[in-house]
file structure33.cif (mmCIF, C-alpha atoms and all ligand atoms)
data_my_file
loop_
_atom_site.label_atom_id
_atom_site.label_comp_id
_atom_site.auth_asym_id
_atom_site.auth_seq_id
_atom_site.Cartn_x
_atom_site.Cartn_y
_atom_site.Cartn_z
CA MET A 1 47.77 97.07 79.78
CA LYS A 2 45.13 97.03 82.44
CA THR A 3 45.47 99.18 85.54
CA LYS A 4 42.92 98.87 88.28
CA ASN A 5 42.49 98.03 91.93
CA LEU A 6 46.12 98.49 92.75
CA SER A 7 46.96 96.91 96.03
CA TYR A 8 49.46 98.68 98.19
CA LEU A 9 48.30 97.49 101.56
CA SER A 10 51.65 96.37 102.79
CA LEU A 11 53.31 99.44 101.36
CA ILE A 12 50.88 101.69 103.17
CA ALA A 13 51.65 99.93 106.41
CA LEU A 14 55.31 100.57 105.83
CA ALA A 15 54.67 104.24 105.28
CA ALA A 16 53.73 104.61 108.92
CA TRP A 17 57.34 104.14 109.87
CA GLY A 18 58.27 107.50 108.49
CA THR A 19 61.69 108.49 107.33
CA THR A 20 63.96 111.37 106.68
CA ALA A 21 65.63 109.62 103.76
CA ALA A 22 65.42 111.55 100.54
CA VAL A 23 64.53 109.81 97.32
CA ALA A 24 66.52 111.52 94.64
CA GLY A 25 65.67 111.61 90.99
CA LEU A 26 62.25 110.00 90.95
CA PRO A 27 61.39 109.01 87.42
CA ARG A 28 58.28 110.00 85.54
CA ALA A 29 55.05 108.40 86.62
CA VAL A 30 54.28 105.21 84.77
CA SER A 31 51.77 102.48 85.32
CA LEU A 32 51.97 99.22 87.11
CA ASN A 33 49.44 96.66 86.07
CA ASP A 34 47.46 95.00 88.83
CA ASP A 35 49.38 91.74 88.63
CA GLN A 36 52.67 93.53 89.03
CA ALA A 37 51.44 95.65 91.90
CA ALA A 38 50.02 92.61 93.62
CA GLU A 39 53.33 90.82 93.28
CA ILE A 40 55.23 93.62 94.91
CA ALA A 41 52.68 93.82 97.69
CA THR A 42 52.77 90.07 98.18
CA THR A 43 56.54 90.04 98.23
CA LEU A 44 56.74 92.70 100.86
CA ALA A 45 53.84 91.25 102.84
CA GLY A 46 55.72 87.99 102.87
CA LEU A 47 58.38 89.65 104.93
CA SER A 48 56.04 89.66 107.92
CA LEU A 49 56.72 93.32 108.42
CA ASN A 50 53.15 94.36 108.92
CA SER A 51 52.92 92.30 112.07
CA LEU A 52 55.67 94.37 113.61
CA GLY A 53 53.53 97.47 113.53
CA SER A 54 54.44 101.05 113.06
CA SER A 55 56.38 101.28 116.31
CA ALA A 56 58.83 98.53 115.42
CA THR A 57 62.41 99.31 116.26
CA ASP A 58 65.22 98.81 113.80
CA ASP A 59 66.32 95.82 115.87
CA GLN A 60 62.89 94.25 115.55
CA VAL A 61 62.84 94.83 111.84
CA ALA A 62 66.30 93.39 111.53
CA SER A 63 65.14 90.29 113.40
CA VAL A 64 62.87 89.29 110.53
CA PRO A 65 64.75 86.31 109.04
CA PHE A 66 64.48 87.73 105.57
CA PHE A 67 66.50 90.77 106.58
CA GLN A 68 69.24 88.89 108.29
CA ALA A 69 70.86 88.57 104.90
CA SER A 70 70.70 92.22 103.97
CA PRO A 71 68.38 95.07 103.14
CA ALA A 72 69.21 94.53 99.49
CA HIS A 73 67.16 91.37 99.62
CA VAL A 74 64.00 93.42 99.73
CA LEU A 75 64.83 94.52 96.26
CA SER A 76 66.15 91.27 94.97
CA ALA A 77 63.02 89.45 96.14
CA ALA A 78 60.76 91.96 94.48
CA LEU A 79 62.79 91.80 91.31
CA ALA A 80 63.00 88.04 91.32
CA THR A 81 59.25 87.76 91.68
CA LEU A 82 58.62 90.10 88.84
CA ASN A 83 61.23 88.54 86.62
CA GLN A 84 59.45 85.24 86.69
CA ASN A 85 56.57 86.89 84.94
CA ASP A 86 56.20 89.73 82.56
CA ARG A 87 59.25 92.01 82.41
CA GLY A 88 56.98 94.96 82.43
CA LEU A 89 56.91 98.43 83.78
CA ALA A 90 57.06 97.49 87.42
CA ASN A 91 60.26 95.63 86.77
CA ALA A 92 61.63 98.61 84.90
CA ASN A 93 60.76 100.85 87.82
CA LEU A 94 62.34 98.61 90.40
CA TYR A 95 65.39 98.24 88.24
CA GLU A 96 65.60 102.01 88.05
CA PHE A 97 65.23 102.18 91.80
CA VAL A 98 68.17 99.83 92.22
CA LEU A 99 70.28 101.94 89.91
CA LEU A 100 69.35 105.10 91.77
CA ASN A 101 70.10 103.68 95.18
CA GLU A 102 72.63 100.92 94.86
CA GLY A 103 75.61 103.12 95.64
CA GLU A 104 74.16 104.01 99.01
CA MET A 105 72.50 100.68 99.72
CA PRO A 106 75.26 99.18 101.84
CA GLY A 107 75.10 102.14 104.19
CA LEU A 108 71.34 102.12 104.69
CA THR A 109 69.53 100.53 107.57
CA VAL A 110 66.85 97.97 106.88
CA ARG A 111 64.20 100.49 107.65
CA GLU A 112 65.69 103.13 105.37
CA THR A 113 65.87 100.68 102.51
CA VAL A 114 62.29 99.56 102.84
CA THR A 115 61.07 103.09 103.29
CA ARG A 116 62.89 104.27 100.20
CA LEU A 117 61.32 101.48 98.22
CA HIS A 118 57.93 102.41 99.55
CA LEU A 119 58.32 106.09 98.71
CA PHE A 120 59.55 105.23 95.27
CA LEU A 121 56.65 102.94 94.49
CA ASN A 122 54.15 105.34 95.96
CA ALA A 123 55.51 108.14 93.83
CA ILE A 124 55.02 106.19 90.63
CA ARG A 125 51.59 104.91 91.56
CA PRO A 126 49.19 106.03 88.87
CA GLU A 127 45.74 107.35 89.25
CA LYS A 128 43.37 104.47 89.79
CA LEU A 129 41.66 103.66 86.54
CA GLU A 130 38.65 101.41 86.43
CA ASN A 131 38.39 99.03 83.53
CA ALA A 132 40.70 101.12 81.41
CA VAL A 133 43.36 99.95 79.01
CA ILE A 134 46.28 102.31 78.63
CA HIS A 135 48.69 102.64 75.76
CA PRO A 136 52.16 102.91 77.29
CA THR A 137 54.46 105.78 76.40
CA VAL A 138 57.25 105.23 73.91
CA GLU A 139 59.81 105.51 76.68
CA ALA A 140 58.01 103.09 78.96
CA ALA A 141 57.66 100.53 76.22
CA LEU A 142 61.33 100.86 75.28
CA ASN A 143 62.40 100.59 78.90
CA ALA A 144 60.32 97.52 79.42
CA ARG A 145 61.92 95.80 76.46
CA ALA A 146 65.46 96.98 76.92
CA LEU A 147 66.05 96.26 80.58
CA PRO A 148 67.67 92.92 81.22
CA ALA A 149 65.99 90.50 83.55
CA VAL A 150 68.01 90.70 86.73
CA SER A 151 68.64 87.17 87.87
CA TYR A 152 71.12 85.91 90.41
CA ALA A 153 71.13 82.46 88.83
CA ASN A 154 74.69 82.81 87.59
CA ASP A 155 76.05 84.46 90.73
CA LEU A 156 78.08 83.17 93.62
CA SER A 157 76.18 82.41 96.81
CA TYR A 158 77.34 81.82 100.36
CA LYS A 159 77.69 78.22 101.44
CA GLY A 160 77.71 78.78 105.19
CA GLY A 161 81.39 78.58 106.06
CA VAL A 162 83.53 75.86 107.64
CA GLY A 163 83.64 76.38 111.38
CA GLY A 164 82.15 79.79 110.80
CA ILE A 165 84.87 80.81 108.33
CA GLY A 166 83.85 81.48 104.73
CA VAL A 167 86.11 84.33 103.63
CA GLU A 168 89.37 85.98 104.66
CA THR A 169 88.40 89.11 106.50
CA ALA A 170 91.99 90.40 106.67
CA PRO A 171 93.93 88.28 104.17
CA LYS A 172 97.53 87.35 104.87
CA ILE A 173 99.71 85.59 102.31
CA TYR A 174 102.70 83.43 103.19
CA LEU A 175 104.85 82.34 100.28
CA VAL A 176 106.68 79.06 100.81
CA LEU A 177 109.47 78.17 98.37
CA TRP A 178 109.49 74.47 99.01
CA GLY A 179 112.52 72.31 98.50
CA SER A 180 116.23 72.53 97.77
CA GLN A 181 115.29 72.30 94.10
CA TRP A 182 114.80 76.07 94.25
CA LYS A 183 118.53 76.71 94.66
CA ASN A 184 119.81 78.43 91.52
CA ASN A 185 116.82 77.10 89.66
CA ASP A 186 114.40 79.91 88.84
CA PRO A 187 114.89 80.58 85.11
CA SER A 188 111.72 82.69 84.77
CA GLY A 189 112.38 84.75 87.88
CA GLU A 190 109.12 83.62 89.42
CA VAL A 191 110.13 84.35 92.99
CA GLY A 192 110.68 88.00 92.24
CA ILE A 193 107.49 88.28 90.21
CA LEU A 194 105.38 86.57 92.84
CA THR A 195 106.94 88.57 95.66
CA ASN A 196 106.22 91.89 93.98
CA PHE A 197 102.72 90.85 92.97
CA TYR A 198 101.78 89.68 96.47
CA LYS A 199 103.37 92.78 97.99
CA GLY A 200 101.37 95.18 95.87
CA VAL A 201 98.08 93.41 95.33
CA GLY A 202 96.45 94.23 98.67
CA GLY A 203 94.24 97.28 98.42
CA SER A 204 94.20 97.24 94.63
CA ALA A 205 91.08 97.98 92.59
CA TRP A 206 91.70 94.67 90.81
CA LEU A 207 91.28 92.64 94.01
CA ASN A 208 88.55 94.81 95.48
CA SER A 209 85.64 92.78 94.07
CA VAL A 210 86.27 90.25 96.86
CA THR A 211 84.96 92.73 99.42
CA GLN A 212 81.35 92.26 98.33
CA TYR A 213 81.41 88.71 99.72
CA HIS A 214 80.78 88.33 103.43
CA GLN A 215 80.74 85.59 106.03
CA GLY A 216 78.23 85.40 108.86
CA VAL A 217 75.37 85.77 106.40
CA PRO A 218 72.68 83.15 105.66
CA VAL A 219 73.41 80.23 103.35
CA GLY A 220 72.25 81.16 99.87
CA THR A 221 72.95 84.88 100.21
CA TYR A 222 73.83 86.60 96.94
CA ILE A 223 74.14 90.24 97.89
CA SER A 224 75.26 90.75 101.47
CA SER A 225 75.72 93.74 103.68
CA GLY A 226 75.57 91.94 107.03
CA GLY A 227 78.21 89.76 108.62
CA THR A 228 81.87 90.52 107.90
CA ALA A 229 83.27 91.31 104.48
CA ALA A 230 86.28 89.73 102.86
CA GLY A 231 89.21 92.09 103.20
CA ASN A 232 91.42 93.86 100.72
CA GLN A 233 93.91 95.68 102.88
CA ALA A 234 97.37 96.79 101.82
CA GLY A 235 100.37 94.74 102.84
CA MET A 236 98.97 91.22 102.53
CA LEU A 237 102.32 89.51 102.04
CA ALA A 238 103.16 88.50 105.58
CA GLY A 239 106.22 86.34 105.00
CA ILE A 240 108.39 84.32 102.62
CA TRP A 241 110.07 81.09 103.67
CA SER A 242 112.72 79.30 101.66
CA ASP A 243 112.29 75.81 103.06
CA ASN A 244 115.25 74.43 101.18
CA SER A 245 117.24 72.39 103.69
CA ALA A 246 115.89 69.23 102.04
CA SER A 247 114.42 68.48 98.66
CA ALA A 248 110.68 68.48 98.08
CA PRO A 249 109.20 65.26 96.71
CA ALA A 250 109.65 65.00 92.95
CA HIS A 251 105.87 64.90 92.54
CA PRO A 252 104.31 65.93 95.85
CA THR A 253 100.92 64.49 96.70
CA GLN A 254 98.11 66.54 98.13
CA ALA A 255 98.85 65.11 101.57
CA GLN A 256 102.50 66.16 101.25
CA LEU A 257 101.54 69.66 100.12
CA ALA A 258 99.12 69.92 103.04
CA ALA A 259 101.81 68.79 105.45
CA GLU A 260 104.15 71.47 104.09
CA ALA A 261 101.46 74.07 104.69
CA VAL A 262 101.09 72.93 108.31
CA LYS A 263 104.87 73.07 108.66
CA ALA A 264 104.80 76.62 107.32
CA ALA A 265 102.12 77.58 109.85
CA ALA A 266 104.46 76.42 112.62
CA HIS A 267 107.40 78.22 111.02
CA PHE A 268 105.48 81.49 110.97
CA GLY A 269 104.10 81.00 114.48
CA ASN A 270 100.48 80.64 113.39
CA THR A 271 99.64 77.86 115.78
CA SER A 272 95.93 78.39 116.49
CA ALA A 273 92.73 78.24 114.50
CA LYS A 274 92.30 81.93 115.15
CA ALA A 275 95.74 82.73 113.77
CA ASN A 276 94.95 80.78 110.59
CA ALA A 277 91.41 81.99 110.02
CA SER A 278 92.40 84.62 107.47
CA VAL A 279 95.71 83.24 106.23
CA GLN A 280 96.77 81.40 103.08
CA TYR A 281 99.98 79.50 102.46
CA ILE A 282 101.25 79.40 98.89
CA ILE A 283 103.29 76.24 98.46
CA ALA A 284 105.40 77.03 95.42
CA THR A 285 107.47 74.28 93.84
CA SER A 286 110.42 75.01 91.61
CA HIS A 287 111.24 74.59 87.94
CA GLY A 288 110.89 70.93 87.02
CA ASN A 289 109.32 69.97 90.35
CA SER A 290 105.54 69.76 90.38
CA ALA A 291 102.65 67.64 91.56
CA SER A 292 101.23 65.31 88.94
CA GLY A 293 98.47 66.71 86.78
CA PHE A 294 100.12 70.12 86.51
CA GLY A 295 99.82 71.50 82.99
CA THR A 296 97.47 68.75 81.87
CA GLN A 297 94.65 68.75 84.43
CA TYR A 298 95.25 72.05 86.16
CA CYS A 299 97.59 75.01 86.53
CA ALA A 300 97.21 75.34 90.31
CA TRP A 301 94.66 74.59 92.97
CA HIS A 302 93.75 75.61 96.49
CA SER A 303 92.44 73.55 99.35
CA TYR A 304 92.62 73.26 103.12
CA THR A 305 93.62 70.74 105.70
CA SER A 306 92.71 70.30 109.33
CA SER A 307 95.59 70.39 111.77
CA SER A 308 96.41 70.92 115.42
CA TYR A 309 96.72 74.61 114.47
CA GLY A 310 93.16 74.71 113.14
CA ASN A 311 92.15 74.58 109.51
CA ILE A 312 94.96 75.62 107.17
CA ALA A 313 94.26 77.12 103.72
CA TYR A 314 96.92 76.50 101.12
CA SER A 315 97.58 76.54 97.40
CA ASN A 316 99.60 74.22 95.24
CA LEU A 317 101.40 76.68 92.98
CA PRO A 318 103.68 74.86 90.51
CA TYR A 319 106.35 76.57 88.42
CA LEU A 320 103.91 77.99 85.94
CA THR A 321 106.12 78.69 82.98
CA ASP A 322 106.95 74.96 82.84
CA ALA A 323 103.45 74.38 81.42
CA GLY A 324 103.89 76.90 78.61
CA ALA A 325 100.75 78.07 76.87
CA SER A 326 98.58 75.59 78.76
CA CYS A 327 99.00 77.74 81.85
CA GLY A 328 99.08 81.18 80.33
CA ALA A 329 102.41 81.70 78.57
CA GLY A 330 101.69 84.33 75.92
CA PHE A 331 98.02 84.46 76.81
CA ASN A 332 96.25 87.39 75.20
CA GLY A 333 99.56 88.92 74.21
CA LEU A 334 100.52 89.45 77.85
CA GLY A 335 103.95 87.91 77.60
CA ALA A 336 105.69 84.60 78.13
CA LYS A 337 105.44 84.89 81.90
CA ALA A 338 101.79 86.03 81.98
CA GLY A 339 100.62 82.80 83.56
CA ILE A 340 102.56 83.38 86.75
CA THR A 341 100.44 86.19 88.15
CA MET A 342 97.29 85.26 86.23
CA VAL A 343 97.22 81.92 88.01
CA ALA A 344 98.56 83.19 91.34
CA GLY A 345 95.95 85.96 91.29
CA HIS A 346 93.23 83.47 90.45
CA GLU A 347 94.04 81.31 93.49
CA LEU A 348 94.48 84.37 95.70
CA GLY A 349 91.04 85.75 94.90
CA GLU A 350 89.46 82.35 95.29
CA THR A 351 91.02 81.62 98.64
CA ILE A 352 89.97 85.01 99.99
CA THR A 353 86.34 84.35 99.02
CA ASP A 354 86.30 80.58 99.70
CA GLN A 355 88.87 80.12 102.43
CA PHE A 356 88.05 76.51 103.24
CA PRO A 357 86.46 75.08 100.07
CA SER A 358 83.62 75.04 99.53
CA GLY A 359 82.24 76.76 102.61
CA GLY A 360 82.58 80.19 101.07
CA TRP A 361 81.27 81.70 97.86
CA THR A 362 80.66 79.45 94.85
CA ASP A 363 78.07 79.32 92.11
CA SER A 364 75.53 76.56 91.55
CA THR A 365 78.13 74.48 89.72
CA GLY A 366 80.78 74.89 92.41
CA ALA A 367 82.84 77.46 90.49
CA GLU A 368 84.59 80.18 92.49
CA ASN A 369 85.17 83.81 91.59
CA GLY A 370 88.35 82.95 89.67
CA ASP A 371 87.03 79.90 87.86
CA LYS A 372 84.14 81.83 86.38
CA CYS A 373 86.50 84.31 84.72
CA ALA A 374 89.51 82.18 83.77
CA TRP A 375 91.18 82.58 80.38
CA ILE A 376 88.94 85.25 78.89
CA SER A 377 90.70 86.76 75.90
CA SER A 378 88.26 89.41 74.67
CA GLY A 379 85.24 91.42 75.70
CA GLN A 380 84.10 92.05 79.25
CA GLY A 381 86.54 90.66 81.78
CA ALA A 382 89.32 89.92 79.31
CA SER A 383 92.68 89.32 80.96
CA ALA A 384 94.92 92.37 81.00
CA ASN A 385 97.83 94.07 82.71
CA VAL A 386 97.12 95.92 85.93
CA THR A 387 99.51 98.34 87.54
CA LEU A 388 100.15 98.03 91.25
CA SER A 389 102.49 100.04 93.42
CA THR A 390 105.06 97.27 92.90
CA GLY A 391 104.86 96.91 89.14
CA THR A 392 102.64 95.92 86.24
CA PHE A 393 101.25 92.39 86.20
CA PRO A 394 99.02 90.33 83.90
CA VAL A 395 95.85 89.20 85.68
CA GLN A 396 92.55 87.61 84.88
CA SER A 397 89.27 89.17 85.98
CA LEU A 398 87.26 88.05 89.00
CA TRP A 399 83.54 87.45 89.26
CA SER A 400 81.46 90.27 90.71
CA ASN A 401 77.87 89.51 91.74
CA GLY A 402 77.24 93.22 91.79
CA TYR A 403 78.06 93.76 88.13
CA THR A 404 75.16 94.94 85.92
CA GLY A 405 72.72 95.46 88.75
CA GLY A 406 73.12 91.99 90.23
CA ALA A 407 73.29 89.85 87.11
CA GLY A 408 77.02 89.51 87.75
CA GLY A 409 80.05 89.50 85.51
CA CYS A 410 83.82 89.35 85.30
CA VAL A 411 85.58 92.53 86.37
CA LEU A 412 89.14 93.84 86.47
CA SER A 413 88.24 96.48 89.04
CA PHE A 414 85.62 97.16 91.64
CA PRO A 415 84.88 100.56 93.13
ZN ZN A 501 90.04 78.09 90.52
#

call {"tool": "encode", "arguments": {"input": "structure33.cif", "output": "structure tokens"}}
result
Amino acid sequence: MKTKNLSYLSLIALAAWGTTAAVAGLPRAVSLNDDQAAEIATTLAGLSLNSLGSSATDDQVASVPFFQASPAHVLSAALATLNQNDRGLANANLYEFVLLNEGEMPGLTVRETVTRLHLFLNAIRPEKLENAVIHPTVEAALNARALPAVSYANDLSYKGGVGGIGVETAPKIYLVLWGSQWKNNDPSGEVGILTNFYKGVGGSAWLNSVTQYHQGVPVGTYISSGGTAAGNQAGMLAGIWSDNSASAPAHPTQAQLAAEAVKAAAHFGNTSAKANASVQYIIATSHGNSASGFGTQYCAWHSYTSSSYGNIAYSNLPYLTDAGASCGAGFNGLGAKAGITMVAGHELGETITDQFPSGGWTDSTGAENGDKCAWISSGQGASANVTLSTGTFPVQSLWSNGYTGGAGGCVLSFP
């Protein structure tokens, strides 16, 4: 590996900003080759930071378009650049930097993040060697081979919102038991199970992965710390309505389900776009009464409709045990009724992170955080029971962009 003429021009310019931030646990000094160093310098120079000068204020720095997503993009850009080439020592160092700092990253200002990166890179800068070829250390060689390439290619990204709304910042759930068919017709006890699940799910570690997804961030954002985060507060279940004065259609269409959601909005007094911005209506149909396609094409789905009360997010939640194993009965040994909360939880997490589909967070194929982790029976993200304050419930995992340093993965809890 050749190390010469390292270029740190843009890093040196950044150093003039100064900082009081401590860089803990700097690793041993290892070499960057000139290509790698140049890539980092080019990446950072591309941020147009140098032109701001050493007296730039935090506001000025934050006005650079690149930073309007989040400080974490400094790192992701540097990593992405390096990953396209040789996964060498510079990549290993940056990866280590991410691991060292990621816990604090959301709390850092733009300037602090950039300055930490600068100090880190400066500390590992080797002596300038002219026309020398080094033999890397055992550890450096192992690190370079072992570290995964961090790519966001499989992650969710922000799609820009619908009317500015992409996620539920303070989710509220309204459960609608639609139709007189519900009377004395709940052989699996779904109402009780759903009620307890929705009552206890807010604030749980299981649901907490939704909070890494924000709205008010640029389209295409993967890791966001700006804008407003999706919420995971306790007490999300805001109301239950047994709308059973008349029967629901035997096989309700999407338009009929949407109309029931609008009716529920009126029932609960949510009659403005603002009141419905962070609300979801679960339209649950009873045993033997479901929209066509249930159990063959799908287990549930969520959508939204425009209305005079603003956009209304709703889910079609059929009587899940009617579909048997196709919708989770007995899945992964979690019991005959496992599908009820596995599917309800799936739609809940998806609606919170993609309130009005698909203006929120989806991957490059259109999959949401629930879709990417549905029906996993072993290994990372396998479906399991989680215990909430209101009981123990089978759930699937949800996709976390932040898992494994940004590569993403399915998780049953999020710190
Ligand atoms: Zn889904």

call {"tool": "closest_residue", "arguments": {"input": "structure33.cif", "among": "A:Ser358, A:Thr390, A:Asn401, A:Asn208", "to": "ligand ZN 501 (chain A)", "atoms": "all atoms listed in the file"}}
result
A:Ser358

call {"tool": "closest_residue", "arguments": {"input": "structure33.cif", "among": "A:Ser308, A:Asn369, A:Ser286, A:Ser188", "to": "Leu412 (chain A)", "atoms": "all atoms listed in the file"}}
result
A:Asn369

call {"tool": "residues_near_ligand", "arguments": {"input": "structure33.cif", "ligand": "ligand ZN 501 (chain A)", "cutoff": "6 Å", "atoms": "all atoms listed in the file", "output": "PyMOL selection string"}}
result
chain A and resi 347+370-371

call {"tool": "residues_near_point", "arguments": {"input": "structure33.cif", "point": "(107.2, 88.1, 79.7)", "cutoff": "12 Å", "atoms": "all atoms listed in the file", "output": "PyMOL selection string"}}
result
chain A and resi 188-190+193+321+324+328-341+385+392-394

call {"tool": "atom_distance", "arguments": {"input": "structure33.cif", "atom1": "CA of Gly402 (chain A)", "atom2": "CA of Gly164 (chain A)"}}
result
23.8 Å

call {"tool": "residues_around", "arguments": {"input": "structure33.cif", "residues": "Ser278 (chain A)", "least_positions_apart": "3", "cutoff": "10 Å", "atoms": "all atoms listed in the file", "output": "list of chain:residue names"}}
result
A:Ile165, A:Gly166, A:Val167, A:Glu168, A:Thr169, A:Ala170, A:Pro171, A:Lys172, A:Ile173, A:Ala230, A:Gly231, A:Ala273, A:Lys274, A:Ala275, A:Ile312, A:Ala313, A:Thr351, A:Ile352, A:Gln355

call {"tool": "closest_residue", "arguments": {"input": "structure33.cif", "among": "A:Gly359, A:Gly349, A:Gly239, A:Pro187", "to": "Trp399 (chain A)", "atoms": "all atoms listed in the file"}}
result
A:Gly349

call {"tool": "atom_distance", "arguments": {"input": "structure33.cif", "atom1": "CA of Tyr319 (chain A)", "atom2": "CA of Gly269 (chain A)"}}
result
26.5 Å

call {"tool": "atom_distance", "arguments": {"input": "structure33.cif", "atom1": "CA of Gly381 (chain A)", "atom2": "CA of Trp206 (chain A)"}}
result
11.1 Å

call {"tool": "residues_near_point", "arguments": {"input": "structure33.cif", "point": "(79.1, 88.1, 109.7)", "cutoff": "12 Å", "atoms": "only C-alpha atoms", "output": "ChimeraX atom specification"}}
result
/A:68-70,158,160-161,164-169,213-219,221,224-230

call {"tool": "residues_around", "arguments": {"input": "structure33.cif", "residues": "Pro249 (chain A)", "least_positions_apart": "2", "cutoff": "9 Å", "atoms": "only C-alpha atoms", "output": "list in words"}}
result
Gly179, Ser247, His251, Pro252, Thr253, Gln256, Asn289, Ser290 and Ala291 of chain A

call {"tool": "closest_residue", "arguments": {"input": "structure33.cif", "among": "A:Gly220, A:Gly235, A:Gly366, A:Gly409", "to": "Gly202 (chain A)", "atoms": "all atoms listed in the file"}}
result
A:Gly235

call {"tool": "axis_aligned_box", "arguments": {"input": "structure33.cif", "around": "region 306-313 of chain A", "padding_each_side": "8 Å", "output": "AutoDock Vina command-line options"}}
result
--center_x 94.4 --center_y 73.7 --center_z 109.6 --size_x 20.6 --size_y 22.8 --size_z 27.7

call {"tool": "build_atoms", "arguments": {"input": "structure33.cif", "residues": "region 299-318 of chain A", "atoms": "N, CA and C atoms", "output": "tab-separated table (two decimals), keeping the file's coordinate frame"}}
result
chain	number	residue	atom	x	y	z
A	299	CYS	N	96.42	74.14	86.44
A	299	CYS	CA	97.59	75.01	86.53
A	299	CYS	C	97.98	75.25	87.99
A	300	ALA	N	96.99	75.20	88.87
A	300	ALA	CA	97.21	75.34	90.31
A	300	ALA	C	95.91	74.94	90.98
A	301	TRP	N	95.93	74.78	92.27
A	301	TRP	CA	94.66	74.59	92.97
A	301	TRP	C	94.81	75.04	94.41
A	302	HIS	N	93.68	75.30	95.07
A	302	HIS	CA	93.75	75.61	96.49
A	302	HIS	C	92.83	74.69	97.26
A	303	SER	N	93.16	74.50	98.52
A	303	SER	CA	92.44	73.55	99.35
A	303	SER	C	92.67	73.94	100.81
A	304	TYR	N	92.28	73.06	101.72
A	304	TYR	CA	92.62	73.26	103.12
A	304	TYR	C	92.77	71.92	103.79
A	305	THR	N	93.45	71.96	104.92
A	305	THR	CA	93.62	70.74	105.70
A	305	THR	C	93.37	71.06	107.16
A	306	SER	N	92.83	70.10	107.88
A	306	SER	CA	92.71	70.30	109.33
A	306	SER	C	94.06	69.99	109.97
A	307	SER	N	94.31	70.61	111.10
A	307	SER	CA	95.59	70.39	111.77
A	307	SER	C	95.43	70.77	113.24
A	308	SER	N	96.47	70.52	114.00
A	308	SER	CA	96.41	70.92	115.42
A	308	SER	C	96.48	72.45	115.56
A	309	TYR	N	96.74	73.14	114.46
A	309	TYR	CA	96.72	74.61	114.47
A	309	TYR	C	95.42	75.15	113.86
A	310	GLY	N	94.42	74.30	113.77
A	310	GLY	CA	93.16	74.71	113.14
A	310	GLY	C	93.21	74.40	111.65
A	311	ASN	N	92.18	74.79	110.96
A	311	ASN	CA	92.15	74.58	109.51
A	311	ASN	C	93.17	75.49	108.83
A	312	ILE	N	93.86	74.92	107.85
A	312	ILE	CA	94.96	75.62	107.17
A	312	ILE	C	94.62	75.71	105.68
A	313	ALA	N	94.52	76.92	105.16
A	313	ALA	CA	94.26	77.12	103.72
A	313	ALA	C	95.59	77.19	102.98
A	314	TYR	N	95.66	76.47	101.87
A	314	TYR	CA	96.92	76.50	101.12
A	314	TYR	C	96.65	76.32	99.64
A	315	SER	N	97.64	76.74	98.85
A	315	SER	CA	97.58	76.54	97.40
A	315	SER	C	98.77	75.73	96.94
A	316	ASN	N	98.53	74.89	95.97
A	316	ASN	CA	99.60	74.22	95.24
A	316	ASN	C	99.90	75.10	94.03
A	317	LEU	N	101.04	75.78	94.08
A	317	LEU	CA	101.40	76.68	92.98
A	317	LEU	C	102.67	76.15	92.30
A	318	PRO	N	102.51	75.39	91.22
A	318	PRO	CA	103.68	74.86	90.51
A	318	PRO	C	104.43	75.98	89.77
